[in-house]
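So this one's upload-v7.txt, compact mmCIF, C-alpha atoms and all ligand atoms:
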# COMPACT_ATOMS: atom_id res chain seq x y z
CA MET A 24 99.89 93.69 122.05
CA SER A 25 103.38 94.58 123.23
CA ARG A 26 104.09 97.63 125.34
CA ALA A 27 106.17 99.17 122.50
CA HIS A 28 103.25 98.67 120.13
CA VAL A 29 100.83 100.42 122.49
CA ASP A 30 103.30 103.32 122.94
CA LEU A 31 103.50 103.75 119.17
CA LEU A 32 99.72 103.97 118.86
CA ASN A 33 99.41 106.38 121.78
CA MET A 34 102.36 108.52 120.80
CA ASP A 35 101.66 112.23 120.99
CA TRP A 36 102.34 113.04 117.34
CA SER A 37 101.51 116.74 117.78
CA THR A 38 104.12 117.19 120.52
CA ARG A 39 106.70 115.31 118.46
CA SER A 40 105.94 117.47 115.42
CA CYS A 41 106.27 120.67 117.47
CA ALA A 42 109.59 119.44 118.89
CA ARG A 43 110.85 118.95 115.35
CA ASN A 44 109.26 121.91 113.51
CA GLY A 45 108.64 124.44 116.27
CA HIS A 46 105.31 125.54 117.72
CA LEU A 47 102.51 127.08 115.66
CA THR A 48 101.02 130.12 117.39
CA PHE A 49 98.54 132.59 115.89
CA ALA A 50 97.10 135.81 117.32
CA PRO A 51 93.59 136.29 115.90
CA THR A 52 92.13 139.81 115.65
CA ASP A 53 88.86 138.38 117.06
CA ASP A 54 88.98 139.24 120.80
CA ARG A 55 86.90 136.22 121.82
CA TYR A 56 89.39 133.80 120.27
CA ALA A 57 92.38 135.88 121.35
CA ALA A 58 91.21 135.68 124.99
CA GLN A 59 90.94 131.88 124.80
CA LEU A 60 94.27 131.40 123.06
CA SER A 61 96.48 133.64 125.19
CA VAL A 62 97.41 134.02 128.88
CA GLU A 63 99.46 136.47 130.88
CA THR A 64 102.51 134.85 132.46
CA PRO A 65 105.27 136.29 134.72
CA VAL A 66 107.40 136.67 131.57
CA GLY A 67 104.67 138.34 129.52
CA GLN A 68 101.91 137.23 127.19
CA ALA A 69 101.94 133.60 125.97
CA TRP A 70 100.06 132.17 122.99
CA LYS A 71 98.61 128.68 122.76
CA CYS A 72 100.16 126.44 120.14
CA LEU A 73 97.46 125.47 117.62
CA ARG A 74 99.02 122.03 117.22
CA CYS A 75 100.06 120.81 120.68
CA GLY A 76 98.21 123.16 123.07
CA ALA A 77 101.28 124.41 124.97
CA PHE A 78 101.37 128.11 125.89
CA ILE A 79 104.44 129.69 124.32
CA PRO A 80 105.70 132.99 125.79
CA GLY A 81 106.42 135.83 123.39
CA PRO A 82 104.62 137.25 120.36
CA ALA A 83 102.57 134.85 118.22
CA PHE A 84 104.21 133.38 115.14
CA SER A 85 101.60 135.10 112.94
CA HIS A 86 98.45 137.17 113.35
CA GLY A 87 95.36 138.22 111.41
CA PRO A 88 91.62 137.62 111.03
CA VAL A 89 90.19 134.28 112.19
CA GLU A 90 89.81 132.97 108.65
CA HIS A 91 93.54 133.45 108.07
CA ALA A 92 94.51 131.02 110.83
CA PRO A 93 97.13 128.61 109.46
CA SER A 94 96.17 125.10 108.48
CA VAL A 95 97.05 122.66 111.23
CA LEU A 96 97.84 118.99 111.01
CA HIS A 97 97.20 117.33 114.36
CA ASP A 98 97.71 113.94 115.96
CA ARG A 99 96.05 111.52 113.56
CA GLN A 100 96.92 113.54 110.44
CA ILE A 101 100.57 113.79 111.46
CA ARG A 102 100.67 110.03 112.09
CA ASP A 103 98.99 109.41 108.71
CA ARG A 104 101.55 111.60 106.97
CA VAL A 105 104.40 109.64 108.60
CA ILE A 106 102.87 106.34 107.38
CA ILE A 107 102.21 107.74 103.87
CA ARG A 108 105.79 109.01 103.61
CA PHE A 109 107.13 105.63 104.76
CA LEU A 110 105.14 104.02 101.92
CA ALA A 111 106.41 106.68 99.50
CA VAL A 112 110.07 106.04 100.40
CA GLU A 113 109.60 102.26 100.23
CA ARG A 114 108.10 102.59 96.73
CA GLY A 115 110.74 105.08 95.66
CA ILE A 116 113.59 102.69 96.56
CA ARG A 117 111.88 99.72 94.88
CA GLY A 118 110.97 101.76 91.78
CA PHE A 119 114.54 103.02 91.38
CA ILE A 120 116.05 99.51 91.69
CA VAL A 121 113.54 97.89 89.30
CA LEU A 122 114.05 100.72 86.80
CA LEU A 123 117.82 100.19 87.00
CA ILE A 124 117.44 96.45 86.36
CA GLY A 125 115.01 97.14 83.49
CA PHE A 126 117.45 99.51 81.79
CA ALA A 127 120.33 97.06 82.33
CA LEU A 128 118.32 94.30 80.60
CA PHE A 129 117.35 96.74 77.88
CA GLN A 130 121.05 97.28 77.15
CA LEU A 131 121.41 93.52 76.66
CA LYS A 132 118.35 93.12 74.47
CA ASN A 133 120.35 92.42 71.33
CA SER A 134 122.08 89.50 72.96
CA GLN A 135 121.40 86.14 71.33
CA GLU A 136 121.73 84.31 74.63
CA THR A 137 118.77 82.99 76.55
CA LEU A 138 117.37 85.00 79.41
CA GLU A 139 118.84 82.56 81.90
CA SER A 140 122.39 82.90 80.66
CA THR A 141 122.03 86.64 80.15
CA LEU A 142 120.85 86.95 83.72
CA SER A 143 123.77 84.91 85.00
CA THR A 144 126.27 87.07 83.12
CA SER A 145 124.64 90.30 84.18
CA LEU A 146 123.86 89.04 87.66
CA PRO A 147 127.08 90.25 89.32
CA LEU A 148 125.88 93.76 88.43
CA LEU A 149 122.17 93.33 89.12
CA LYS A 150 122.16 90.98 92.08
CA PRO A 151 123.06 93.51 94.82
CA PHE A 152 120.23 95.78 93.68
CA ALA A 153 117.72 92.94 93.43
CA ASP A 154 118.81 91.72 96.88
CA GLN A 155 117.91 95.11 98.31
CA ILE A 156 114.25 94.47 97.55
CA GLY A 157 114.45 90.75 98.38
CA TRP A 158 114.07 89.64 94.79
CA ASP A 159 116.12 86.62 93.70
CA ILE A 160 116.01 87.11 89.91
CA ASN A 161 117.57 83.73 89.17
CA ASN A 162 114.99 81.99 91.31
CA SER A 163 112.02 84.15 90.43
CA ARG A 164 108.95 82.13 89.50
CA VAL A 165 107.50 84.98 87.48
CA ILE A 166 110.70 85.39 85.47
CA HIS A 167 110.91 81.61 84.92
CA LEU A 168 107.33 81.56 83.73
CA LEU A 169 107.93 84.48 81.36
CA ASP A 170 111.10 82.83 80.16
CA MET A 171 109.23 79.59 79.45
CA PHE A 172 106.47 81.31 77.52
CA LEU A 173 108.72 83.70 75.69
CA GLU A 174 111.70 81.46 75.02
CA VAL A 175 110.80 81.16 71.35
CA ALA A 176 110.08 84.85 70.98
CA PRO A 177 113.01 86.85 69.61
CA HIS A 178 112.31 89.81 71.85
CA THR A 179 112.09 88.04 75.20
CA LEU A 180 114.48 90.36 76.98
CA TRP A 181 112.99 93.42 75.37
CA ILE A 182 109.51 92.53 76.66
CA ILE A 183 110.78 91.82 80.17
CA ALA A 184 112.87 95.00 80.18
CA VAL A 185 109.88 97.11 79.09
CA ALA A 186 107.68 95.45 81.75
CA LEU A 187 110.27 96.18 84.47
CA ILE A 188 110.72 99.79 83.33
CA ALA A 189 106.94 100.29 83.30
CA TYR A 190 106.70 98.79 86.81
CA GLY A 191 109.57 101.02 87.99
CA ILE A 192 107.87 104.14 86.61
CA LEU A 193 104.60 103.10 88.28
CA GLN A 194 106.38 102.72 91.65
CA LEU A 195 108.12 106.11 91.29
CA THR A 196 104.80 107.75 90.33
CA GLU A 197 103.24 106.33 93.51
CA CYS A 198 106.27 107.56 95.45
CA PHE A 199 105.98 111.19 94.28
CA GLY A 200 102.17 111.28 94.54
CA LEU A 201 102.13 109.81 98.06
CA TRP A 202 104.94 112.07 99.27
CA PHE A 203 102.95 115.14 98.21
CA GLN A 204 99.73 113.61 99.61
CA LYS A 205 97.82 113.55 96.33
CA ARG A 206 94.47 111.78 96.44
CA TRP A 207 95.00 110.23 92.98
CA ALA A 208 98.19 108.63 94.33
CA GLU A 209 96.23 106.96 97.15
CA TYR A 210 93.84 105.47 94.59
CA LEU A 211 96.69 104.52 92.24
CA THR A 212 98.60 102.83 95.10
CA VAL A 213 95.55 100.83 96.23
CA VAL A 214 94.68 99.65 92.71
CA ALA A 215 98.25 98.92 91.56
CA THR A 216 99.32 97.30 94.85
CA SER A 217 96.20 95.07 94.90
CA ALA A 218 96.90 94.01 91.31
CA PHE A 219 100.43 92.86 92.21
CA ILE A 220 99.51 91.01 95.42
CA PRO A 221 98.62 87.76 93.56
CA ILE A 222 102.03 87.91 91.81
CA GLU A 223 103.77 88.44 95.16
CA ILE A 224 101.92 85.43 96.59
CA TYR A 225 102.88 83.40 93.52
CA GLU A 226 106.53 84.40 94.04
CA LEU A 227 106.29 83.23 97.66
CA THR A 228 105.13 79.76 96.59
CA HIS A 229 108.59 79.24 95.07
CA SER A 230 110.82 80.48 97.87
CA VAL A 231 109.99 82.29 101.07
CA THR A 232 112.36 85.01 102.22
CA PHE A 233 111.93 87.39 105.11
CA ILE A 234 112.03 90.48 102.86
CA LYS A 235 109.55 89.03 100.33
CA ALA A 236 107.10 87.96 103.05
CA GLY A 237 107.59 91.31 104.79
CA ALA A 238 106.88 93.21 101.56
CA LEU A 239 103.66 91.25 101.06
CA VAL A 240 102.50 92.00 104.62
CA VAL A 241 103.37 95.70 104.19
CA ASN A 242 101.47 95.86 100.87
CA ILE A 243 98.33 94.17 102.20
CA ALA A 244 98.39 96.39 105.30
CA ALA A 245 98.98 99.48 103.11
CA VAL A 246 95.97 98.68 100.91
CA LEU A 247 93.65 98.10 103.89
CA TRP A 248 94.96 101.15 105.76
CA LEU A 249 94.64 103.45 102.70
CA LEU A 250 91.11 102.20 101.96
CA TRP A 251 89.94 102.83 105.52
CA SER A 252 91.98 105.80 106.69
CA LYS A 253 91.81 107.78 103.43
CA HIS A 254 88.10 107.02 102.87
CA LEU A 255 88.72 105.65 99.35
CA PHE A 256 85.87 104.27 97.21
CA GLY A 257 83.29 105.71 99.61
CA ILE A 258 84.57 103.57 102.50
CA ASN A 259 84.40 104.92 106.08
CA GLY A 260 82.43 108.05 105.11
CA GLY A 261 83.95 108.55 101.65
CA ALA A 262 85.20 111.80 100.12
CA SER A 263 83.20 114.06 102.46
CA ALA A 264 84.87 112.46 105.49
CA ALA A 265 88.28 112.83 103.82
CA HIS A 266 87.55 116.52 103.23
CA ASP A 267 86.62 117.03 106.88
CA ASP A 268 90.09 115.92 107.95
CA ALA A 269 91.62 119.29 107.06
CA LEU A 270 91.68 121.95 109.78
CA VAL A 271 91.98 125.54 108.55
CA GLY A 272 90.82 128.98 109.69
CA LYS A 273 88.09 128.92 112.32
CA SER A 274 88.14 125.13 112.73
CA ALA A 275 91.90 125.26 113.44
CA LEU A 276 91.27 127.81 116.20
CA ASP A 277 88.30 125.85 117.61
CA TYR A 278 90.51 122.78 117.71
CA ALA A 279 93.22 124.72 119.58
CA VAL A 280 90.71 126.17 122.08
CA ALA A 281 89.47 122.64 122.84
CA LEU A 282 93.00 121.28 123.27
CA ARG A 283 93.95 120.34 126.82
CA THR A 284 95.87 123.31 128.20
CA THR A 285 99.41 122.51 129.15
CA VAL A 286 101.71 124.32 131.53
CA PRO A 287 103.36 127.36 129.92
CA ALA A 288 106.87 126.59 128.78
CA PRO A 289 109.55 128.22 130.99
ZN ZN B 1 103.24 123.09 119.75
So, in terms of structure tokens, how does the structure I just supplied come out?
Ligand SMILES: [Zn+2]
Amino acid sequence: MSRAHVDLLNMDWSTRSCARNGHLTFAPTDDRYAAQLSVETPVGQAWKCLRCGAFIPGPAFSHGPVEHAPSVLHDRQIRDRVIIRFLAVERGIRGFIVLLIGFALFQLKNSQETLESTLSTSLPLLKPFADQIGWDINNSRVIHLLDMFLEVAPHTLWIIAVALIAYGILQLTECFGLWFQKRWAEYLTVVATSAFIPIEIYELTHSVTFIKAGALVVNIAAVLWLLWSKHLFGINGGASAAHDDALVGKSALDYAVALRTTVPAP
């Protein structure tokens, strides 16, 4: 494993998140917790950040009973959210491009030309978008196969356009669900991505491009990572383990108390 790879795995996600979003301090009314989460410094009282463990001088960001402690995402959860959002963006871009191509084909559905010639006339418009996701429409095995089977059908383009629009909507649905960390979106992504992996492999048997091969690797990794890390289908502890990931109220404070104490910020 390369040094850069190791650094990525060991990255202090909590510290990075605090640098970006500010620290998360909370003054509980419970004296026992308050004593463990605050210190006196030469510049006054400092409160321990619930996320990164640094003592931050000045009044706490919020205060109240223990059970009102804010919910805290920490190291692994922050890293997971970054990965999930990467997947969401990747699906959003692909969904948007496929949807665009689907609608463009839909516009041409009344054309009497064959799919091949229609594609070549519309290609100047569609090609840059397809290139973005590493999809060579003119050389696509799946499209050729569909074309072969559907050549005699009068609604060839219509069927392909509807299929592309449906696929685009599916990708955008995954995008929105993953971005907002919905559990149904994790299941939908695993099931839908797995279903398309054989098609991606079939596409690769025709021509291998860096983007296509990369997309396949990302999709296989995403499925395995979601299954394991998000405890889907009862794997790795199942739903109860997934539920335990959230830190709110008392558990957020217990987590902060156990955090390695860092030097108070100047
Ligand atoms: Zn912090």
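Across A:Val95, A:Ala127, A:Ala77, A:Cys198, the tightest approach to A:Val112 is made by A:Cys198 when counting all atoms listed in the file.
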- Message: At a cut-off of 8 Å and counting all atoms listed in the file, what residues surround ligand ZN 1 (chain B)? Please answer as a PyMOL selection string.
- Response: chain A and resi 37-38+40-42+45-48+71-77
- Task: Using only C-alpha atoms, find the one residue out of A:Trp181, A:Tyr190, A:Phe49, A:Trp158 that sits nearest to A:Gln130.
- Result: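 Ranking A:Trp181, A:Tyr190, A:Phe49, A:Trp158 by distance to A:Gln130, first place goes to A:Trp181.
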Within 10 Å of stretch 251-261 of chain A, which residues of stretch 174-221 of chain A come that close, and what is the closest atom pair and distance in Å for each? Count only C-alpha atoms and give it as JSON lines.
{"residue": "A:Arg206", "atom": "CA", "partner": "A:Lys253", "partner_atom": "CA", "distance": 8.5}
{"residue": "A:Glu209", "atom": "CA", "partner": "A:Lys253", "partner_atom": "CA", "distance": 7.7}
{"residue": "A:Tyr210", "atom": "CA", "partner": "A:Leu255", "partner_atom": "CA", "distance": 7.0}
{"residue": "A:Val213", "atom": "CA", "partner": "A:Leu255", "partner_atom": "CA", "distance": 8.9}
May I have the selected residues written with C-alpha atoms, as a PDB file, keeping the file's coordinate frame?
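Heads up, here's the output in part.pdb:
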ATOM      1  CA  ARG A 206      94.470 111.780  96.440  1.00  0.00           C
ATOM      2  CA  GLU A 209      96.230 106.960  97.150  1.00  0.00           C
ATOM      3  CA  TYR A 210      93.840 105.470  94.590  1.00  0.00           C
ATOM      4  CA  VAL A 213      95.550 100.830  96.230  1.00  0.00           C
TER       5      VAL A 213
END
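Each of A:Asp159, A:Ile243, A:Gln194, A:Ser274 was compared to A:Leu227 using only C-alpha atoms, and A:Asp159 turns out to be the nearest.
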- Message: So the first atom is atom CA of A:Ile222 and the second is atom CA of A:Phe199; what is the distance between them in Å, to one decimal place?
- Response: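 Separation between atom CA of A:Ile222 and atom CA of A:Phe199: 23.7 Å.
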- Message: To one decimal place in Å, what is the distance between atom CA of A:Pro82 and atom CA of A:Gly67?
- Response: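 These atoms are spaced 9.2 Å apart.
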- Task: With a distance cut-off of 10 Å and all atoms listed in the file, select the neighbouring residues of A:Gly157, excluding the residue or stretch itself and same-chain residues fewer than 4 positions from it, and output the selection as number ranges by chain.
- Result: A: 117, 150-153, 231-238
- Message: Using only C-alpha atoms, can you tell me which of A:Phe119, A:Trp248, A:Trp36, A:Phe84 comes closest to A:Ile192?
- Response: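 Looking only at the distances to A:Ile192, the closest residue turns out to be A:Phe119.
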- Which of A:Ala57, A:Leu128, A:Val89, A:Leu123 sits closest to A:Gly191 [using only C-alpha atoms]: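 The shortest atom-to-atom distance to A:Gly191 comes from A:Leu123.
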I need every residue sitting at most 12 Å from the point (104.9, 97.9, 108.0) (coordinates as in the file, all atoms listed in the file considered), written as an mmCIF file with C-alpha atoms, in the coordinates of the input.
data_model
loop_
_atom_site.group_PDB
_atom_site.id
_atom_site.type_symbol
_atom_site.label_atom_id
_atom_site.label_comp_id
_atom_site.auth_asym_id
_atom_site.auth_seq_id
_atom_site.Cartn_x
_atom_site.Cartn_y
_atom_site.Cartn_z
ATOM 1 C CA VAL A 105 104.400 109.640 108.600
ATOM 2 C CA ILE A 106 102.870 106.340 107.380
ATOM 3 C CA ILE A 107 102.210 107.740 103.870
ATOM 4 C CA ARG A 108 105.790 109.010 103.610
ATOM 5 C CA PHE A 109 107.130 105.630 104.760
ATOM 6 C CA LEU A 110 105.140 104.020 101.920
ATOM 7 C CA GLU A 113 109.600 102.260 100.230
ATOM 8 C CA ILE A 234 112.030 90.480 102.860
ATOM 9 C CA ALA A 236 107.100 87.960 103.050
ATOM 10 C CA GLY A 237 107.590 91.310 104.790
ATOM 11 C CA ALA A 238 106.880 93.210 101.560
ATOM 12 C CA LEU A 239 103.660 91.250 101.060
ATOM 13 C CA VAL A 240 102.500 92.000 104.620
ATOM 14 C CA VAL A 241 103.370 95.700 104.190
ATOM 15 C CA ASN A 242 101.470 95.860 100.870
ATOM 16 C CA ILE A 243 98.330 94.170 102.200
ATOM 17 C CA ALA A 244 98.390 96.390 105.300
ATOM 18 C CA ALA A 245 98.980 99.480 103.110
ATOM 19 C CA VAL A 246 95.970 98.680 100.910
ATOM 20 C CA LEU A 247 93.650 98.100 103.890
ATOM 21 C CA TRP A 248 94.960 101.150 105.760
#
- Message: Could you tell me how far atom CA of A:Asp35 sits from atom CA of A:Gln59, in Å to one decimal place?
- Response: 22.7 Å
Taking all atoms of stretch 49-60 of chain A that the file lists and extending 6 Å past them on each side, where is the centre of the axis-aligned box and how long are its edges? Answer in Å to one decimal, as AutoDock Vina command-line options.
--center_x 92.7 --center_y 135.6 --center_z 120.3 --size_x 23.6 --size_y 20.4 --size_z 21.3
- Item | Which of A:Ile224, A:Leu270, A:Val66, A:Val121 sits closest to A:Leu193 [using all atoms listed in the file] |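 Checking each of A:Ile224, A:Leu270, A:Val66, A:Val121 against A:Leu193, counting all atoms listed in the file, the winner is A:Val121.
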